[in-house]
Amino acid sequence: MRIGVLSGGGDAPGLNAVIRAVTKTAIFKYGWSVTGIIDGFEGLLSPTKTRQLTSWNTRGILFIGGTILGTTNRGNPFAYKTVVGGREIVEDMSPLVLNNIKELGLDALVVIGGDGSLKIGHGLYKLGVPVIGVPKTIDNDLSATYVTFGFQTAVDTATDALDKLHTTAESHQRVIVLEVMGRYAGWIALEAGISGSADVILIPEIPFSMDKVAEKLTERKKAGSHSSIVVVAEGAKPLGGEMAVREKAADGYVLRLGGMGEIVGSEIASRTGIETRVTVLGHLQRGGSPCPFDRLLATRYGAAAVELIANKKFGEMVSYQPPDITSVPLETAISALRLVDPEGELVKIAEGMGVSFGR
Ligand code: F6P
């Protein structure tokens, strides 16, 4: 048996831990060979963009961020974009991918990815490729698993940032706004906001009123609080307004969100008169060493992916349903995003303790 493994989409802490677990389990338990595909699905467009993975070259990577295989969140082989003569053309390159998978002699392909990469993996599975998915994303927005790896580390990073921002905000009697990632889901903002004791948390699932945010911060000042902390998810939007989009593809697909922290910060300053600063945490949330929870989860996912291959359960994604690692059809995994319930327990306990969601 020869199995391929690739990491697709944005990186997340724990990718190397999955690659290591897949490689070691395949080699030590089953005696298979493992081919690493370089740069996500881009690597499948050329049979030379691969690397033989061994127990030696996957040593010492468990705790290292990023991915030794490289990744990209562009380059969908079903709608591959190139520029010819100054014009963008979109082509279906899946026949080339199928040919290369055959040429590489892959008996199975492990796709480690979020929503977008798993959709591509599912597309390849429908064309006959024996695909297994592993759920990755700091956004934690996949509905078919309790949690994706990378999320917990991102929450740790954002919480650490909030701890630091509290001290400078208090020294200067300021409001500090922290913009965090998460795309259309508010999980990072919500969990880091609660853990980092934010006073206002704005998430995409609860459109906010700027009046309510300003009211809350003014009340806090009147009551004697010298500083306040506001967490803004990059996908948060005002009531009746739009998300802040940084980059869109020609077909309207949102490539990058960002900028809502700045918008909220300047509104706060002008409406309340309180000195306000904005920090955008950005890719710090994606980098660095995975926390122990993510190392363990990623290792369990990688080992479980190999077991699915051994049991020929293709077209499935490994899934964490505490306390077990199970699997779900890829189709289910990509059918719905996992979003914060505006009436759920976390939002309710935060509101019960005086946190404002701007509603
Ligand atoms: O999906 C992970 C994520 O970090 C999102 O939270 C964010 O919106 C996006 O990727 C950023 O992508 P890029 O790396 O292209 O800036």
# chains A, B, ... in the order shown; residues from 1 in each chain; ligands from 1
$ select_by_dssp --residues "range 81-130 of chain A" --states "alpha helix (DSSP H)" --output "number ranges by chain"
A: 94-103, 115-126
$ write_last_selection --atoms "C-alpha atoms" --output "PDB file, in the first residue's frame"
ATOM      1  CA  SER A  94      -9.234  17.292 -12.081  1.00  0.00           C
ATOM      2  CA  PRO A  95      -8.383  14.916 -14.987  1.00  0.00           C
ATOM      3  CA  LEU A  96      -4.693  15.825 -14.532  1.00  0.00           C
ATOM      4  CA  VAL A  97      -4.986  15.268 -10.765  1.00  0.00           C
ATOM      5  CA  LEU A  98      -6.569  11.832 -11.305  1.00  0.00           C
ATOM      6  CA  ASN A  99      -3.802  10.934 -13.722  1.00  0.00           C
ATOM      7  CA  ASN A 100      -1.084  12.017 -11.294  1.00  0.00           C
ATOM      8  CA  ILE A 101      -2.654  10.101  -8.409  1.00  0.00           C
ATOM      9  CA  LYS A 102      -2.552   7.020 -10.641  1.00  0.00           C
ATOM     10  CA  GLU A 103       1.015   7.709 -11.721  1.00  0.00           C
ATOM     11  CA  ASP A 115     -14.294  23.375   4.672  1.00  0.00           C
ATOM     12  CA  GLY A 116     -12.788  24.300   1.256  1.00  0.00           C
ATOM     13  CA  SER A 117     -10.170  21.511   1.096  1.00  0.00           C
ATOM     14  CA  LEU A 118     -12.625  18.872   2.295  1.00  0.00           C
ATOM     15  CA  LYS A 119     -15.032  19.945  -0.471  1.00  0.00           C
ATOM     16  CA  ILE A 120     -12.254  19.373  -3.013  1.00  0.00           C
ATOM     17  CA  GLY A 121     -11.443  16.042  -1.318  1.00  0.00           C
ATOM     18  CA  HIS A 122     -15.098  15.051  -1.577  1.00  0.00           C
ATOM     19  CA  GLY A 123     -15.093  16.023  -5.272  1.00  0.00           C
ATOM     20  CA  LEU A 124     -12.095  13.745  -5.875  1.00  0.00           C
ATOM     21  CA  TYR A 125     -13.765  10.954  -3.894  1.00  0.00           C
ATOM     22  CA  LYS A 126     -16.812  11.210  -6.178  1.00  0.00           C
TER      23      LYS A 126
END
$ closest_residue --among "A:Ser46, A:Thr276, A:Thr326, A:Gln152" --to "Lys136 in chain A" --atoms "only C-alpha atoms"
A:Gln152
$ residues_near_ligand --ligand "ligand 1" --cutoff "8 Å" --atoms "only C-alpha atoms and all ligand atoms" --output "short mmCIF file (atom, residue, chain, number, x, y, z; two decimals) with N, CA, C and O atoms, in the first residue's frame"
data_model
loop_
_atom_site.label_atom_id
_atom_site.label_comp_id
_atom_site.auth_asym_id
_atom_site.auth_seq_id
_atom_site.Cartn_x
_atom_site.Cartn_y
_atom_site.Cartn_z
N GLY A 9 -5.52 24.46 2.31
CA GLY A 9 -6.11 25.62 2.96
C GLY A 9 -5.11 26.33 3.86
O GLY A 9 -3.91 26.06 3.82
N GLY A 10 -5.62 27.21 4.72
CA GLY A 10 -4.74 27.95 5.63
C GLY A 10 -4.10 27.00 6.62
O GLY A 10 -4.70 26.00 7.01
N ASP A 11 -2.88 27.29 7.05
CA ASP A 11 -2.24 26.39 8.02
C ASP A 11 -2.91 26.53 9.39
O ASP A 11 -3.66 27.47 9.63
N ALA A 12 -2.66 25.56 10.24
CA ALA A 12 -3.21 25.58 11.61
C ALA A 12 -2.25 24.79 12.48
O ALA A 12 -1.69 23.79 12.03
N ASN A 73 -4.18 28.21 0.19
CA ASN A 73 -5.65 28.30 0.19
C ASN A 73 -6.16 28.83 -1.15
O ASN A 73 -7.27 29.29 -1.27
N GLY A 114 -9.78 22.25 5.95
CA GLY A 114 -11.02 22.82 6.45
C GLY A 114 -12.11 22.63 5.40
O GLY A 114 -11.97 21.81 4.47
N THR A 137 -8.87 23.51 11.17
CA THR A 137 -9.08 24.94 10.99
C THR A 137 -9.11 25.62 12.35
O THR A 137 -9.72 25.10 13.29
N ILE A 138 -8.46 26.76 12.42
CA ILE A 138 -8.52 27.51 13.68
C ILE A 138 -9.94 28.05 13.90
O ILE A 138 -10.29 28.42 15.01
N ASP A 139 -10.75 28.10 12.83
CA ASP A 139 -12.08 28.72 12.94
C ASP A 139 -13.09 27.82 13.68
O ASP A 139 -14.12 28.30 14.13
N VAL A 180 -10.01 39.45 16.04
CA VAL A 180 -9.51 38.08 15.89
C VAL A 180 -10.08 37.44 14.63
O VAL A 180 -11.03 37.95 14.04
N MET A 181 -9.49 36.31 14.23
CA MET A 181 -9.94 35.62 13.02
C MET A 181 -11.18 34.76 13.29
O MET A 181 -11.75 34.82 14.37
N GLY A 182 -11.54 33.93 12.31
CA GLY A 182 -12.66 33.00 12.49
C GLY A 182 -13.61 32.94 11.31
O GLY A 182 -14.58 32.21 11.33
N ARG A 183 -13.37 33.78 10.31
CA ARG A 183 -14.25 33.88 9.14
C ARG A 183 -15.70 34.09 9.56
O ARG A 183 -15.99 35.01 10.29
N GLU A 234 -13.47 38.92 13.08
CA GLU A 234 -13.29 39.57 11.77
C GLU A 234 -14.58 39.54 10.93
O GLU A 234 -14.78 40.37 10.06
N LEU A 255 -12.37 36.30 -0.32
CA LEU A 255 -11.08 35.67 -0.06
C LEU A 255 -10.57 36.04 1.33
O LEU A 255 -10.00 35.20 2.02
N ARG A 256 -10.74 37.31 1.70
CA ARG A 256 -10.21 37.74 3.00
C ARG A 256 -11.14 38.72 3.68
O ARG A 256 -11.59 39.68 3.05
N LEU A 257 -11.41 38.47 4.96
CA LEU A 257 -12.15 39.42 5.78
C LEU A 257 -11.15 40.24 6.57
O LEU A 257 -9.99 39.86 6.68
N GLY A 258 -11.60 41.30 7.19
CA GLY A 258 -10.71 42.07 8.06
C GLY A 258 -11.01 43.55 8.00
O GLY A 258 -11.46 44.06 6.97
N GLY A 282 -4.40 38.80 13.76
CA GLY A 282 -3.98 38.22 12.48
C GLY A 282 -3.38 36.82 12.56
O GLY A 282 -3.85 35.97 13.32
N HIS A 283 -2.31 36.62 11.79
CA HIS A 283 -1.78 35.27 11.61
C HIS A 283 -1.00 34.75 12.81
O HIS A 283 -0.57 33.59 12.79
N GLN A 285 -2.44 33.94 15.26
CA GLN A 285 -3.36 32.89 15.70
C GLN A 285 -3.13 31.58 14.96
O GLN A 285 -3.58 30.53 15.38
N ARG A 286 -2.48 31.65 13.82
CA ARG A 286 -2.26 30.43 13.03
C ARG A 286 -0.87 29.83 13.25
O ARG A 286 -0.64 28.66 12.91
#
$ closest_atom_pairs --of "range 249-352 of chain A" --to "range 170-177 of chain A" --cutoff "12 Å" --atoms "only C-alpha atoms" --output "CSV"
residue,atom,partner,partner_atom,distance
A:Gly259,CA,A:Val177,CA,11.6
A:Met260,CA,A:Val177,CA,10.0
A:Gly261,CA,A:Val177,CA,6.4
A:Glu262,CA,A:Val177,CA,8.1
A:Ile263,CA,A:Val177,CA,10.1
A:Val264,CA,A:Val177,CA,7.9
A:Gly265,CA,A:Val177,CA,6.2
A:Ser266,CA,A:Val177,CA,9.9
A:Glu267,CA,A:Val177,CA,11.2
A:Ile268,CA,A:Val175,CA,8.3
A:Ala269,CA,A:Val175,CA,8.5
A:Thr272,CA,A:Val175,CA,10.1
A:Gly273,CA,A:Arg174,CA,10.3
A:Ile274,CA,A:Arg174,CA,6.5
A:Glu275,CA,A:Arg174,CA,5.2
A:Thr276,CA,A:Val175,CA,4.7
A:Arg277,CA,A:Ile176,CA,4.9
A:Val278,CA,A:Val177,CA,4.7
A:Thr279,CA,A:Val177,CA,6.2
A:Val280,CA,A:Val177,CA,8.3
A:Leu281,CA,A:Val177,CA,10.4
$ closest_residue --among "A:Ala249, A:Ala21, A:Ile3, A:Val111" --to "Arg295 in chain A" --atoms "only C-alpha atoms"
A:Ala21
$ atom_distance --atom1 "CA of Asn57 in chain A" --atom2 "CA of Tyr320 in chain A"
27.7 Å
$ closest_residue --among "A:Leu337, A:Ile89, A:Ala303, A:Leu217" --to "Tyr184 in chain A" --atoms "only C-alpha atoms"
A:Leu337
$ residues_around --residues "Ala198 in chain A" --least-positions-apart "3" --cutoff "6 Å" --atoms "only C-alpha atoms" --output "mmCIF file with N, CA, C and O atoms, in the first residue's frame"
data_model
loop_
_atom_site.group_PDB
_atom_site.id
_atom_site.type_symbol
_atom_site.label_atom_id
_atom_site.label_comp_id
_atom_site.auth_asym_id
_atom_site.auth_seq_id
_atom_site.Cartn_x
_atom_site.Cartn_y
_atom_site.Cartn_z
ATOM 1 N N GLY A 193 -12.759 35.577 24.261
ATOM 2 C CA GLY A 193 -13.386 36.726 24.932
ATOM 3 C C GLY A 193 -13.798 36.378 26.354
ATOM 4 O O GLY A 193 -13.557 37.149 27.288
ATOM 5 N N ILE A 229 -12.216 46.180 27.460
ATOM 6 C CA ILE A 229 -11.669 45.360 26.373
ATOM 7 C C ILE A 229 -12.816 44.894 25.481
ATOM 8 O O ILE A 229 -13.824 44.369 25.969
ATOM 9 N N VAL A 230 -12.631 45.098 24.174
ATOM 10 C CA VAL A 230 -13.647 44.712 23.196
ATOM 11 C C VAL A 230 -13.013 43.700 22.240
ATOM 12 O O VAL A 230 -11.966 43.971 21.652
#
$ select_by_dssp --residues "range 12-221 of chain A" --states "strand (DSSP E)" --output "ChimeraX atom specification"
/A:33-37,50-53,80-84,87-91,108-113,131-135,175-180,200-202
$ closest_residue --among "A:Pro322, A:Gly4, A:Gly287, A:Gly60" --to "Gly133 in chain A" --atoms "only C-alpha atoms"
A:Gly4
$ residues_around --residues "Ala189 in chain A" --least-positions-apart "3" --cutoff "7 Å" --atoms "only C-alpha atoms" --output "short mmCIF file (atom, residue, chain, number, x, y, z; two decimals) with N, CA and C atoms, in the first residue's frame"
data_model
loop_
_atom_site.label_atom_id
_atom_site.label_comp_id
_atom_site.auth_asym_id
_atom_site.auth_seq_id
_atom_site.Cartn_x
_atom_site.Cartn_y
_atom_site.Cartn_z
N VAL A 180 -10.01 39.45 16.04
CA VAL A 180 -9.51 38.08 15.89
C VAL A 180 -10.08 37.44 14.63
N GLY A 186 -17.92 32.81 15.09
CA GLY A 186 -17.41 33.65 16.19
C GLY A 186 -16.74 32.87 17.31
N ALA A 192 -12.18 33.02 23.47
CA ALA A 192 -11.08 33.84 23.98
C ALA A 192 -11.66 35.03 24.75
N GLY A 193 -12.76 35.58 24.26
CA GLY A 193 -13.39 36.73 24.93
C GLY A 193 -13.80 36.38 26.35
N ILE A 201 -18.11 41.50 23.30
CA ILE A 201 -17.68 40.50 22.31
C ILE A 201 -18.61 40.61 21.11
N ILE A 203 -19.64 39.11 17.47
CA ILE A 203 -19.45 37.91 16.63
C ILE A 203 -20.39 37.95 15.42
N VAL A 231 -13.64 42.53 22.09
CA VAL A 231 -13.15 41.55 21.12
C VAL A 231 -14.07 41.58 19.91
N VAL A 232 -13.49 41.73 18.73
CA VAL A 232 -14.29 41.78 17.51
C VAL A 232 -13.86 40.64 16.59
N ALA A 233 -14.78 39.75 16.27
CA ALA A 233 -14.48 38.71 15.28
C ALA A 233 -14.40 39.38 13.92
#
$ closest_residue --among "A:Thr82, A:Thr35, A:Asn16, A:Ser195" --to "Met1 in chain A" --atoms "only C-alpha atoms"
A:Thr35
$ atom_distance --atom1 "CA of Lys313 in chain A" --atom2 "CA of Val34 in chain A"
18.2 Å
$ residues_around --residues "Leu15 in chain A" --least-positions-apart "3" --cutoff "10 Å" --atoms "only C-alpha atoms" --output "PyMOL selection string"
chain A and resi 6-8+11-12+18-20+61-70+112-113+134+136-137+149-150+290+294-295+298-299+302
$ atom_distance --atom1 "CA of Glu331 in chain A" --atom2 "CA of Leu104 in chain A"
25.9 Å
